[in-house]
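Enquirer: Here you go, this is input.txt (compact mmCIF, C-alpha atoms (C1' of nucleotides)).
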# COMPACT_ATOMS: atom_id res chain seq x y z
CA MET A 1 -22.38 -11.93 2.37
CA ASP A 2 -23.07 -15.28 3.96
CA ILE A 3 -26.53 -16.59 4.64
CA ASP A 4 -26.31 -16.17 8.41
CA ALA A 5 -25.55 -12.50 7.97
CA ARG A 6 -28.50 -12.09 5.67
CA ILE A 7 -30.80 -13.79 8.12
CA GLN A 8 -29.48 -11.74 11.01
CA ARG A 9 -30.04 -8.57 9.11
CA ARG A 10 -33.66 -9.48 8.44
CA GLN A 11 -34.09 -10.44 12.05
CA ARG A 12 -32.77 -7.14 13.31
CA ARG A 13 -35.06 -5.13 11.09
CA ASP A 14 -37.83 -5.18 13.64
CA GLU A 15 -35.58 -4.47 16.56
CA GLY A 16 -35.00 -0.82 15.84
CA PRO A 17 -32.12 0.88 14.06
CA VAL A 18 -28.92 -0.88 13.06
CA LEU A 19 -25.70 0.62 14.30
CA ILE A 20 -23.77 0.90 11.07
CA GLN A 21 -25.66 2.93 8.50
CA ASP A 22 -23.00 3.11 5.88
CA TYR A 23 -19.73 1.21 5.80
CA GLU A 24 -18.48 3.32 2.91
CA THR A 25 -18.41 6.59 4.80
CA LEU A 26 -17.25 4.91 7.98
CA SER A 27 -14.25 3.35 6.27
CA PRO A 28 -10.97 4.83 7.51
CA VAL A 29 -9.77 4.78 3.91
CA ALA A 30 -12.52 7.08 2.71
CA HIS A 31 -11.83 10.77 2.33
CA ILE A 32 -14.83 12.96 2.70
CA ASP A 33 -15.56 15.91 0.52
CA GLU A 34 -15.13 18.57 3.18
CA PRO A 35 -12.54 17.57 5.77
CA SER A 36 -13.42 19.27 9.01
CA ASN A 37 -11.21 21.71 10.84
CA ARG A 38 -8.48 22.03 8.29
CA GLY A 39 -9.28 25.59 7.23
CA PRO A 40 -5.77 26.98 7.79
CA VAL A 41 -4.23 24.18 5.77
CA PHE A 42 -6.59 24.88 2.90
CA GLU A 43 -5.60 28.53 3.07
CA ARG A 44 -1.91 27.77 2.94
CA LEU A 45 -2.36 25.50 -0.05
CA LEU A 46 -4.47 28.12 -1.78
CA ASP A 47 -1.77 30.70 -1.12
CA HIS A 48 0.64 28.45 -2.89
CA LEU A 49 -1.73 27.78 -5.76
CA ASP A 50 -2.68 31.44 -6.10
CA PRO A 51 -0.97 32.06 -9.49
CA VAL A 52 -3.54 29.67 -10.92
CA PHE A 53 -6.20 32.34 -10.63
CA ASP A 54 -4.17 34.64 -12.89
CA GLY A 55 -3.80 31.91 -15.45
CA SER A 56 -0.25 30.82 -14.61
CA LEU A 57 1.35 27.87 -12.86
CA PRO A 58 2.66 27.77 -9.28
CA PRO A 59 6.19 26.48 -8.72
CA ASN A 60 6.76 22.90 -7.59
CA ALA A 61 6.11 22.30 -3.93
CA TYR A 62 6.37 19.69 -1.23
CA VAL A 63 3.64 19.14 1.36
CA TYR A 64 4.83 17.22 4.38
CA GLY A 65 3.75 16.21 7.84
CA PRO A 66 3.09 13.27 10.15
CA ALA A 67 0.78 10.38 9.34
CA GLY A 68 -2.90 11.00 9.86
CA GLY A 69 -2.58 14.77 9.69
CA GLY A 70 -5.07 15.10 6.87
CA LYS A 71 -2.63 15.81 4.03
CA SER A 72 -4.29 13.41 1.61
CA ALA A 73 -7.77 14.35 2.71
CA VAL A 74 -7.18 18.05 2.14
CA VAL A 75 -5.35 17.73 -1.17
CA THR A 76 -7.84 15.29 -2.71
CA ALA A 77 -10.73 17.51 -1.70
CA LEU A 78 -9.03 20.67 -2.89
CA PHE A 79 -7.91 19.20 -6.21
CA SER A 80 -11.29 17.80 -7.09
CA HIS A 81 -12.92 21.18 -6.44
CA LEU A 82 -10.22 23.09 -8.31
CA ASP A 83 -10.36 20.82 -11.31
CA GLN A 84 -14.09 21.22 -11.47
CA PHE A 85 -13.68 24.95 -11.16
CA SER A 86 -11.18 25.22 -13.98
CA ALA A 87 -13.14 22.87 -16.22
CA GLU A 88 -16.12 25.17 -15.84
CA GLN A 89 -13.96 28.15 -16.58
CA ARG A 90 -12.58 26.58 -19.73
CA SER A 91 -16.06 25.84 -20.99
CA VAL A 92 -17.09 29.44 -20.34
CA ILE A 93 -14.26 30.65 -22.50
CA HIS A 94 -15.27 28.33 -25.27
CA THR A 95 -18.86 29.49 -25.31
CA SER A 96 -18.38 33.20 -24.78
CA THR A 97 -16.36 35.59 -26.88
CA ARG A 98 -16.97 38.59 -24.73
CA VAL A 99 -15.50 37.48 -21.42
CA LYS A 100 -11.75 37.21 -21.59
CA SER A 101 -10.81 35.87 -18.20
CA PRO A 102 -7.55 33.96 -17.86
CA SER A 103 -7.71 30.22 -18.37
CA SER A 104 -6.86 27.76 -15.59
CA PRO A 105 -4.64 24.71 -15.54
CA SER A 106 -5.99 21.21 -15.00
CA PHE A 107 -5.55 19.50 -11.66
CA VAL A 108 -4.61 15.85 -11.40
CA TYR A 109 -4.23 13.85 -8.21
CA LEU A 110 -2.15 10.67 -8.26
CA ASP A 111 -1.71 8.19 -5.46
CA LEU A 112 1.66 6.55 -5.97
CA ARG A 113 0.39 3.55 -4.05
CA GLU A 114 -1.77 2.83 -7.03
CA THR A 115 0.56 4.20 -9.64
CA GLN A 116 3.72 2.24 -9.30
CA THR A 117 5.25 2.12 -12.74
CA GLY A 118 6.22 4.75 -15.26
CA PHE A 119 3.61 3.33 -17.54
CA GLU A 120 0.84 3.82 -14.98
CA PHE A 121 2.10 7.27 -14.15
CA TYR A 122 1.86 8.60 -17.70
CA HIS A 123 -1.28 6.61 -18.28
CA ASP A 124 -3.16 8.08 -15.34
CA VAL A 125 -2.12 11.66 -16.02
CA LEU A 126 -3.09 11.35 -19.66
CA ASP A 127 -6.34 9.66 -18.74
CA ALA A 128 -7.25 12.55 -16.47
CA LEU A 129 -6.37 15.11 -19.11
CA ALA A 130 -7.67 13.60 -22.33
CA ASP A 131 -11.31 13.17 -23.21
CA GLU A 132 -10.91 9.82 -24.91
CA SER A 133 -10.06 6.75 -22.87
CA ILE A 134 -6.49 5.56 -22.88
CA PRO A 135 -5.63 1.90 -23.56
CA ASP A 136 -3.78 0.11 -20.79
CA HIS A 137 -2.16 -2.46 -23.06
CA GLY A 138 -0.57 -2.63 -26.44
CA ILE A 139 1.03 0.79 -26.21
CA SER A 140 4.57 1.46 -25.12
CA THR A 141 5.46 3.67 -22.18
CA GLU A 142 7.43 5.97 -24.45
CA ARG A 143 4.49 6.36 -26.85
CA LEU A 144 2.26 7.23 -23.90
CA ARG A 145 4.71 9.87 -22.80
CA GLU A 146 4.74 11.36 -26.29
CA ARG A 147 0.97 11.53 -26.39
CA LEU A 148 0.94 13.20 -23.01
CA GLN A 149 3.52 15.66 -24.24
CA THR A 150 1.47 16.69 -27.26
CA GLU A 151 -1.59 16.93 -25.05
CA LEU A 152 0.27 19.35 -22.79
CA ASP A 153 1.80 21.30 -25.66
CA ASN A 154 -1.72 22.03 -26.83
CA SER A 155 -2.89 23.01 -23.39
CA GLU A 156 -3.13 26.68 -22.69
CA VAL A 157 -1.84 26.85 -19.14
CA GLY A 158 -0.78 23.32 -18.28
CA VAL A 159 -1.38 21.04 -15.37
CA VAL A 160 -0.74 20.79 -11.65
CA ILE A 161 -0.06 17.21 -10.62
CA ALA A 162 -0.32 16.14 -7.00
CA VAL A 163 1.68 13.02 -6.23
CA ASP A 164 0.70 11.53 -2.92
CA HIS A 165 2.59 9.11 -0.67
CA VAL A 166 5.99 9.97 -2.02
CA ASP A 167 8.92 8.03 -0.61
CA GLU A 168 6.89 5.20 0.85
CA PRO A 169 8.10 1.65 0.47
CA ASN A 170 6.69 -0.06 -2.60
CA THR A 171 6.12 3.15 -4.49
CA THR A 172 8.14 4.68 -7.31
CA ASP A 173 11.30 5.96 -5.70
CA VAL A 174 12.06 9.63 -5.62
CA ALA A 175 14.82 9.58 -8.24
CA ASP A 176 12.58 7.76 -10.72
CA LEU A 177 9.79 10.19 -10.01
CA VAL A 178 12.04 13.12 -10.84
CA ASP A 179 12.91 11.39 -14.13
CA LEU A 180 9.26 10.87 -14.93
CA PHE A 181 8.54 14.54 -14.46
CA ALA A 182 11.61 15.38 -16.50
CA GLY A 183 9.93 13.60 -19.40
CA LEU A 184 7.12 16.14 -19.38
CA PRO A 185 7.07 19.65 -20.87
CA SER A 186 7.67 22.66 -18.70
CA ASN A 187 4.01 23.58 -18.27
CA THR A 188 3.69 20.97 -15.54
CA SER A 189 3.86 21.90 -11.90
CA TRP A 190 3.88 19.28 -9.23
CA LEU A 191 2.86 19.07 -5.63
CA ALA A 192 4.50 16.16 -3.86
CA ILE A 193 3.05 14.90 -0.61
CA GLY A 194 5.02 12.88 1.92
CA ARG A 195 6.02 12.40 5.52
CA ALA A 196 9.73 13.05 5.47
CA GLU A 197 11.15 16.42 6.48
CA PRO A 198 12.24 18.46 3.44
CA GLN A 199 15.92 18.15 4.39
CA GLU A 200 15.67 14.39 4.42
CA ILE A 201 14.37 13.99 0.95
CA VAL A 202 16.11 14.57 -2.38
CA LEU A 203 12.86 15.68 -3.88
CA SER A 204 13.00 19.03 -2.11
CA GLU A 205 15.91 20.06 -4.34
CA TYR A 206 13.35 20.31 -7.08
CA THR A 207 10.67 22.11 -5.14
CA ALA A 208 10.56 25.82 -4.55
CA ARG A 209 8.43 25.67 -1.46
CA SER A 210 7.62 23.36 1.44
CA ILE A 211 4.28 23.38 3.19
CA HIS A 212 4.02 21.81 6.59
CA VAL A 213 0.85 20.13 7.81
CA ASP A 214 0.86 19.37 11.49
CA SER A 215 -1.08 16.64 13.25
CA TYR A 216 -4.54 17.33 14.61
CA GLN A 217 -4.99 19.02 17.94
CA SER A 218 -6.89 16.96 20.42
CA GLN A 219 -10.17 18.86 20.31
CA MET A 220 -10.19 18.93 16.53
CA LEU A 221 -9.68 15.23 16.40
CA VAL A 222 -12.64 14.70 18.71
CA ASP A 223 -14.70 16.65 16.19
CA VAL A 224 -13.38 14.60 13.31
CA VAL A 225 -14.37 11.39 15.08
CA MET A 226 -17.80 12.72 16.04
CA THR A 227 -18.43 13.92 12.49
CA ARG A 228 -17.49 10.58 11.03
CA ALA A 229 -19.64 8.76 13.57
CA SER A 230 -22.64 10.91 12.83
CA GLU A 231 -22.27 10.26 9.10
CA GLY A 232 -21.73 6.54 9.24
CA LEU A 233 -23.53 5.40 12.39
CA SER A 234 -27.04 5.60 13.71
CA GLN A 235 -28.12 8.44 15.97
CA GLN A 236 -26.48 8.66 19.38
CA ALA A 237 -24.30 5.66 18.63
CA LEU A 238 -21.14 7.22 19.98
CA ARG A 239 -21.02 9.20 23.22
CA HIS A 240 -18.91 12.32 23.19
CA ASP A 241 -16.67 11.14 26.01
CA LEU A 242 -15.88 7.99 24.02
CA ALA A 243 -14.92 10.06 21.01
CA ARG A 244 -12.56 11.90 23.28
CA GLU A 245 -11.13 8.64 24.49
CA ILE A 246 -10.38 7.62 20.91
CA ALA A 247 -8.83 11.00 20.16
CA ASP A 248 -6.63 10.88 23.24
CA TRP A 249 -5.38 7.46 22.33
CA ALA A 250 -4.75 8.40 18.70
CA ASP A 251 -2.62 11.37 19.73
CA GLY A 252 -3.31 13.59 16.75
CA ASN A 253 -3.39 10.85 14.14
CA ALA A 254 -6.77 11.01 12.41
CA TYR A 255 -6.10 7.86 10.49
CA ASP A 256 -5.61 5.82 13.68
CA ALA A 257 -8.62 7.43 15.29
CA LEU A 258 -10.92 6.61 12.38
CA ALA A 259 -9.58 3.08 12.18
CA ALA A 260 -10.33 2.60 15.88
CA LEU A 261 -13.84 3.96 15.42
CA PHE A 262 -14.40 1.63 12.48
CA ILE A 263 -13.25 -1.46 14.35
CA ALA A 264 -15.17 -0.62 17.52
CA ALA A 265 -18.34 0.02 15.52
CA ASP A 266 -17.92 -3.18 13.57
CA ARG A 267 -17.51 -5.19 16.75
CA ALA A 268 -20.52 -3.59 18.37
CA ASN A 269 -22.50 -4.21 15.22
CA GLN A 270 -21.52 -7.88 15.13
CA ALA A 271 -22.58 -8.17 18.73
CA GLY A 272 -25.98 -6.79 17.72
CA ARG A 273 -25.68 -3.59 19.73
CA THR A 274 -26.78 -0.15 18.61
CA GLN A 275 -24.23 1.76 20.65
CA VAL A 276 -20.48 1.64 20.80
CA THR A 277 -19.22 0.85 24.27
CA GLU A 278 -15.98 1.69 26.01
CA ARG A 279 -14.96 -1.95 26.05
CA GLU A 280 -15.11 -2.13 22.25
CA ILE A 281 -13.07 0.98 21.88
CA GLN A 282 -10.38 -0.44 24.10
CA THR A 283 -10.25 -3.67 22.14
CA ALA A 284 -10.14 -1.70 18.91
CA CYS A 285 -7.21 0.40 20.05
CA GLU A 286 -5.34 -2.67 21.21
CA GLU A 287 -5.81 -4.24 17.83
CA ILE A 288 -4.09 -1.44 15.96
CA PRO A 289 -0.34 -2.04 15.94
CA GLN A 290 1.90 0.94 16.59
CA PRO A 291 3.09 1.94 14.15
CA SER A 292 0.68 0.45 11.68
CA VAL A 293 0.56 0.65 7.90
CA SER A 294 -2.31 2.36 6.24
CA LEU A 295 -5.13 0.12 5.08
CA GLY A 296 -5.11 2.18 1.92
CA ARG A 297 -1.71 0.77 1.08
CA ILE A 298 -2.91 -2.75 1.70
CA LEU A 299 -6.05 -2.36 -0.33
CA SER A 300 -4.09 -1.17 -3.32
CA LEU A 301 -1.89 -4.26 -3.37
CA PRO A 302 -2.36 -6.71 -6.28
CA PRO A 303 -5.48 -8.86 -5.73
CA ASN A 304 -3.60 -12.08 -5.05
CA LYS A 305 -1.46 -10.49 -2.38
CA GLN A 306 -4.59 -9.25 -0.66
CA LEU A 307 -6.02 -12.72 -0.91
CA VAL A 308 -2.96 -14.09 0.85
CA LEU A 309 -3.40 -11.51 3.60
CA ARG A 310 -7.08 -12.31 3.87
CA GLU A 311 -6.23 -15.93 4.61
CA LEU A 312 -3.40 -14.87 6.88
CA VAL A 313 -5.62 -12.90 9.25
CA ASP A 314 -7.73 -15.97 9.90
CA LEU A 315 -4.85 -18.21 10.92
CA ASP A 316 -4.27 -19.13 14.54
CA GLU A 317 -1.07 -18.75 16.47
CA GLN A 318 0.09 -22.28 15.73
CA GLN A 319 -0.24 -21.70 12.03
CA ARG A 320 1.78 -18.53 12.25
CA ARG A 321 4.69 -20.08 14.02
CA SER A 322 6.95 -20.06 10.99
CA VAL A 323 6.91 -18.71 7.46
CA THR A 324 6.94 -22.25 6.08
CA VAL A 325 3.97 -23.41 8.17
CA THR A 326 2.04 -20.24 7.39
CA THR A 327 2.75 -20.68 3.69
CA GLU A 328 1.37 -24.20 3.75
CA ALA A 329 -1.76 -23.16 5.61
CA ILE A 330 -2.44 -20.35 3.15
CA SER A 331 -1.79 -22.25 -0.04
CA ASP A 332 -3.99 -25.09 1.20
CA ALA A 333 -6.96 -22.76 1.51
CA PRO A 334 -9.58 -23.52 -1.15
CA THR A 335 -9.82 -19.90 -2.27
CA VAL A 336 -6.10 -19.73 -3.04
CA ASP A 337 -4.82 -21.31 -6.21
CA LEU A 338 -1.29 -19.97 -6.04
CA THR A 339 1.61 -22.35 -5.63
CA SER A 340 3.23 -22.48 -2.21
CA GLY A 341 6.39 -21.01 -3.71
CA THR A 342 4.52 -17.92 -4.76
CA VAL A 343 2.69 -17.58 -1.46
CA LYS A 344 5.98 -17.77 0.36
CA ARG A 345 7.55 -15.17 -1.87
CA PHE A 346 4.54 -12.89 -1.35
CA LEU A 347 4.94 -13.18 2.39
CA TYR A 348 8.58 -12.26 2.20
CA GLU A 349 7.89 -9.40 -0.14
CA MET A 350 5.20 -8.00 2.09
CA ALA A 351 7.51 -8.26 5.05
CA GLU A 352 10.05 -6.33 3.04
CA ILE A 353 7.70 -3.40 2.51
CA GLY A 354 6.40 -3.41 6.07
CA ILE A 355 2.89 -4.78 5.55
CA VAL A 356 3.73 -7.64 7.88
CA GLU A 357 6.72 -8.16 10.08
CA ARG A 358 8.98 -11.11 10.59
CA VAL A 359 10.01 -11.69 14.15
CA GLN A 360 12.48 -14.23 15.44
CA GLY A 361 10.55 -17.39 16.18
CA ASP A 362 11.27 -20.65 17.94
CA SER A 363 14.96 -21.32 17.54
CA ARG A 364 15.04 -24.95 18.67
CA GLY A 365 15.79 -27.50 15.98
CA LYS A 366 18.29 -27.75 13.20
CA GLY A 367 19.16 -25.20 10.58
CA ARG A 368 18.44 -21.53 10.46
CA PRO A 369 15.73 -20.58 12.95
CA PRO A 370 12.40 -19.71 11.39
CA SER A 371 10.69 -16.40 11.80
CA ARG A 372 7.04 -15.88 12.45
CA ILE A 373 4.73 -13.48 10.67
CA GLU A 374 3.07 -10.66 12.59
CA LEU A 375 0.53 -8.20 11.23
CA ARG A 376 1.28 -4.54 10.85
CA PHE A 377 -2.37 -3.63 10.41
CA PRO A 378 -5.63 -4.21 12.30
CA PRO A 379 -7.09 -7.55 11.16
CA THR A 380 -10.74 -6.80 11.90
CA ALA A 381 -10.67 -3.67 9.77
CA PHE A 382 -8.91 -5.36 6.87
CA ARG A 383 -11.20 -8.37 7.01
CA ARG A 384 -14.30 -6.21 6.87
CA LEU A 385 -13.05 -3.88 4.14
CA TYR A 386 -11.80 -6.75 2.03
CA ASP A 387 -15.03 -8.70 2.30
CA LEU A 388 -17.08 -5.62 1.48
CA LYS A 389 -15.02 -4.97 -1.61
CA LYS A 390 -15.40 -8.61 -2.63
CA GLU A 391 -19.16 -8.37 -2.40
CA SER A 392 -19.56 -5.34 -4.57
C1' DG B 1 1.97 -8.38 -33.64
C1' DA B 2 2.90 -5.31 -29.48
C1' DT B 3 2.87 -4.32 -24.83
C1' DC B 4 2.62 -4.71 -19.75
C1' DC B 5 3.01 -7.15 -15.66
C1' DA B 6 1.76 -10.89 -12.32
C1' DC B 7 3.34 -15.44 -11.42
C1' DG B 8 6.16 -19.41 -11.21
C1' DG B 9 10.18 -21.52 -10.37
C1' DG B 10 14.47 -22.19 -9.16
C1' DA B 11 19.31 -20.66 -8.45
C1' DA B 12 22.15 -18.07 -5.42
C1' DT B 13 23.10 -16.48 -0.95
C1' DA B 14 22.67 -16.00 4.08
C1' DC B 15 22.48 -17.89 8.51
C1' DA B 16 22.73 -21.17 12.53
C1' DC B 17 24.63 -24.94 14.54
C1' DG B 18 27.65 -28.63 15.70
C1' DG B 19 31.59 -31.22 14.92
C1' DA B 20 36.24 -31.42 13.05
C1' DT B 21 40.65 -29.33 12.61
C1' DG B 22 44.75 -26.54 13.42
C1' DC C 1 40.61 -21.58 21.81
C1' DA C 2 39.69 -19.90 17.17
C1' DT C 3 38.44 -21.14 12.74
C1' DC C 4 36.67 -23.94 9.17
C1' DC C 5 33.34 -26.96 7.08
C1' DG C 6 29.11 -29.55 6.17
C1' DT C 7 24.40 -29.78 6.57
C1' DG C 8 19.89 -28.11 6.86
C1' DT C 9 16.90 -24.11 6.65
C1' DA C 10 15.57 -19.48 5.62
C1' DT C 11 15.75 -15.66 2.60
C1' DT C 12 16.72 -13.06 -1.44
C1' DC C 13 17.19 -12.45 -6.23
C1' DC C 14 16.33 -12.87 -10.95
C1' DC C 15 14.39 -13.88 -15.27
C1' DG C 16 11.30 -16.36 -18.46
C1' DT C 17 6.54 -17.17 -19.60
C1' DG C 18 1.85 -16.46 -20.57
C1' DG C 19 -2.64 -14.13 -20.05
C1' DA C 20 -5.04 -10.15 -21.21
C1' DT C 21 -5.68 -6.38 -24.07
C1' DC C 22 -5.07 -3.20 -27.74
I'd like the structure from this file rewritten - as structure tokens, please.
Expert:
Amino acid sequence: MDIDARIQRRQRRDEGPVLIQDYETLSPVAHIDEPSNRGPVFERLLDHLDPVFDGSLPPNAYVYGPAGGGKSAVVTALFSHLDQFSAEQRSVIHTSTRVKSPSSPSFVYLDLRETQTGFEFYHDVLDALADESIPDHGISTERLRERLQTELDNSEVGVVIAVDHVDEPNTTDVADLVDLFAGLPSNTSWLAIGRAEPQEIVLSEYTARSIHVDSYQSQMLVDVVMTRASEGLSQQALRHDLAREIADWADGNAYDALAALFIAADRANQAGRTQVTEREIQTACEEIPQPSVSLGRILSLPPNKQLVLRELVDLDEQQRRSVTVTTEAISDAPTVDLTSGTVKRFLYEMAEIGIVERVQGDSRGKGRPPSRIELRFPPTAFRRLYDLKKES
DNA sequence: GATCCACGGGAATACACGGATG
DNA sequence: CATCCGTGTATTCCCGTGGATC
């Protein structure tokens, strides 16, 4: 945090409540413990997972639906509760000889955005399952897999592994994922989560069941926005009609809606206001490209790539006129100590996976015409989230 | 000594244009 | 006119190296 911000915060202390109470809960990347209004989805997932309560594994399944429909939110919440539940149950069995209730499997949630190699895949599953901590160097991928295998062979029921963000660019591709699962014993059941229709994805050949999660209905989305606002903002900071405006614009996509709320609140906060106004909501919505990539994807990029993006969002139009010029501007920044070659390659790679986009630029001059870099994500939101993460 | 992976660095390839050539 | 070729950029591709960690 810079000194001006510190001073401003002190100054505001006597002027009544600050608008943003808690950036963490307001963040569009955060999943809350009890997602609102997704009761039916929970029920359908529980139907699928029902065998678990008799001590057996459900078949493999595929959960799919449009972006911002709450798939990740529901599955993360459900899995953390279920894992807690079955851990408790296991400990009951250990301590009591009288009760002979069936044991439960473990539940592991993996985000493929953060688990991009086979090594990380086995590592994270094993880490979730084993009590001791697992080294992340000096051990081969194959050895990890073997350890995981013995761990599972000793497990009574097995494990249900949720793999989120399947088939997104820059994640393990579907064929590799199938191979990774093939390396595990049969007491593993997986729950893949993605956007593609089951017919469009090879993965569904391996899943017994598909579960559809639709986008939010308008009124539900208004509630989601209001709930988030009441948790992260001061009292009365967001009028109900403005929440509706956000929901209407977002058209069922909770992720977009929460991003818009975050940006609007941040702008209002910077301006020293304690209420979000319509004007800020409009600017916020305009700032979110359609379609836009999830900030979650961006924030799980390697640190130096994020650094490049952080510099990128501060460049002016002139400096974005071609990849070459942009590269120079970024690698000249004092915070960046990468060579210009690497910065340039990063920019191309991120264009490749849709984080930024290259559009045909000014074609006058010799040689192949340059392209210019455009963002595929809202800069204000990224800037704030990045800086917050840096601070902590 | 083993292992993983982010970086660096540069070679290979693609593309646009204009001028030369058939 | 159609095609080829040379030059200057842009873009993609690939692999070796070294830091960090066990």
Enquirer: Could you give me, as a PyMOL selection string, the residues that sit within 10 Å of (15.1, -24.5, 6.3) in the file's coordinates, counting all atoms listed in the file?
Expert: (chain A and resi 324+366-370) or (chain C and resi 8-11)
Enquirer: Determine which residues of chain B sit within 7 Å of chain A, taking into account only C-alpha atoms (C1' of nucleotides), and present them as a list in words.
Expert: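 Here they are: DA2, DT3, DC4, DG8, DC15, DA16 and DC17 of chain B.
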Enquirer: Would you put the residues from that selection into a file with C-alpha atoms (C1' of nucleotides), as a PDB file, in the coordinates of the input?
Expert:
ATOM      1  C1'  DA B   2       2.900  -5.310 -29.480  1.00  0.00           C
ATOM      2  C1'  DT B   3       2.870  -4.320 -24.830  1.00  0.00           C
ATOM      3  C1'  DC B   4       2.620  -4.710 -19.750  1.00  0.00           C
ATOM      4  C1'  DG B   8       6.160 -19.410 -11.210  1.00  0.00           C
ATOM      5  C1'  DC B  15      22.480 -17.890   8.510  1.00  0.00           C
ATOM      6  C1'  DA B  16      22.730 -21.170  12.530  1.00  0.00           C
ATOM      7  C1'  DC B  17      24.630 -24.940  14.540  1.00  0.00           C
TER       8       DC B  17
END
Enquirer: Interatomic distance between atom CA of A:Leu19 and atom CA of A:Asn269?
Expert: 5.9 Å
Enquirer: Measure the distance from atom CA of A:Phe107 to atom CA of A:Ala61 in Å and round it to one decimal.
Expert: 14.3 Å
Enquirer: Using Å and a single decimal, report how far atom CA of A:Gly68 sits from atom CA of A:Ala243.
Expert: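 Rounded to one decimal, the two atoms are 16.4 Å apart.
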Enquirer: Which one of A:His48, A:Arg147, A:Arg273, A:Arg345 sits closest to A:Ser210 if you count all atoms listed in the file?
Expert: A:His48
Enquirer: What's the 12 Å shell around A:Asp179, counting all atoms listed in the file, without same-chain residues fewer than 6 positions away, as a list in words?
Expert: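 Near neighbours after the sequence-gap exclusion: Gly118, Phe121, Tyr122, Thr172, Asp173, Leu203 and Tyr206 of chain A.
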Enquirer: Within 10 Å of C:DT12, counting all atoms listed in the file, which residues show up once you throw out same-chain ones fewer than 3 positions away? Write them as JSON, numbers by chain, please.
Expert: {"A": [345, 348, 349], "B": [12, 13, 14]}
Enquirer: Rank A:Ile281, A:Ile134, A:Glu231, A:Asp223 by their smallest atom-to-atom distance to chain C, using all atoms listed in the file, and report the top residue only.
Expert: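 The shortest atom-to-atom distance to chain C comes from A:Ile134.
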Enquirer: With a distance cut-off of 12 Å and all atoms listed in the file, select the neighbouring residues of B:DA11, excluding the residue or stretch itself and same-chain residues fewer than 6 positions from it, and output the selection as a list in words.
Expert: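 Close residues of B:DA11: DT12, DC13, DC14 and DC15 of chain C.
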Enquirer: Using only C-alpha atoms (C1' of nucleotides), determine which residues lie at most 12 Å from C:DG16, disregarding the query and same-chain residues fewer than 3 positions distant; provide the list as number ranges by chain.
Expert: B: 7-10
Enquirer: Considering all atoms listed in the file, state which residue in the set A:Ile353, A:Ala250, A:Val174, A:Val323 is at the smallest distance from chain C.
Expert: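 Checking each of A:Ile353, A:Ala250, A:Val174, A:Val323 against chain C, counting all atoms listed in the file, the winner is A:Val323.
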Enquirer: Would you mind listing what lies within 9 Å of stretch 235-239 of chain A as a list in words, with all atoms listed in the file counted and same-chain residues fewer than 2 positions away left out?
Expert: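 What passes the distance filter is Pro17, Leu19, Ile20, Met226, Ala229, Ser230, Leu233, Asp241, Leu242, Ala243, Arg244, Ala265, Thr274, Gln275, Val276 and Thr277 of chain A.
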Enquirer: From the set A:Glu374, A:Gly361, A:Pro35, A:His212, which residue has the shortest atom-to-atom contact distance to chain C, counting all atoms listed in the file?
Expert: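 Checking each candidate against chain C, we get A:Gly361 as the closest.
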Enquirer: Would you kindly place N, CA and C atoms on stretch 53-62 of chain A and return the model as an mmCIF file, in the coordinates of the input?
Expert:
data_model
loop_
_atom_site.group_PDB
_atom_site.id
_atom_site.type_symbol
_atom_site.label_atom_id
_atom_site.label_comp_id
_atom_site.auth_asym_id
_atom_site.auth_seq_id
_atom_site.Cartn_x
_atom_site.Cartn_y
_atom_site.Cartn_z
ATOM 1 N N PHE A 53 -5.044 31.482 -10.389
ATOM 2 C CA PHE A 53 -6.200 32.340 -10.630
ATOM 3 C C PHE A 53 -5.867 33.484 -11.581
ATOM 4 N N ASP A 54 -4.558 33.671 -11.864
ATOM 5 C CA ASP A 54 -4.170 34.640 -12.890
ATOM 6 C C ASP A 54 -3.796 33.935 -14.177
ATOM 7 N N GLY A 55 -4.086 32.640 -14.231
ATOM 8 C CA GLY A 55 -3.800 31.910 -15.450
ATOM 9 C C GLY A 55 -2.350 31.476 -15.596
ATOM 10 N N SER A 56 -1.603 31.368 -14.486
ATOM 11 C CA SER A 56 -0.250 30.820 -14.610
ATOM 12 C C SER A 56 -0.049 29.683 -13.609
ATOM 13 N N LEU A 57 1.108 29.035 -13.699
ATOM 14 C CA LEU A 57 1.350 27.870 -12.860
ATOM 15 C C LEU A 57 2.129 28.235 -11.598
ATOM 16 N N PRO A 58 1.838 27.597 -10.479
ATOM 17 C CA PRO A 58 2.660 27.770 -9.280
ATOM 18 C C PRO A 58 3.942 26.970 -9.442
ATOM 19 N N PRO A 59 4.970 27.297 -8.664
ATOM 20 C CA PRO A 59 6.190 26.480 -8.720
ATOM 21 C C PRO A 59 5.932 25.100 -8.099
ATOM 22 N N ASN A 60 6.892 24.202 -8.250
ATOM 23 C CA ASN A 60 6.760 22.900 -7.590
ATOM 24 C C ASN A 60 6.799 23.066 -6.084
ATOM 25 N N ALA A 61 6.107 22.183 -5.383
ATOM 26 C CA ALA A 61 6.110 22.300 -3.930
ATOM 27 C C ALA A 61 6.048 20.932 -3.269
ATOM 28 N N TYR A 62 6.362 20.932 -2.002
ATOM 29 C CA TYR A 62 6.370 19.690 -1.230
ATOM 30 C C TYR A 62 5.538 19.878 0.039
#
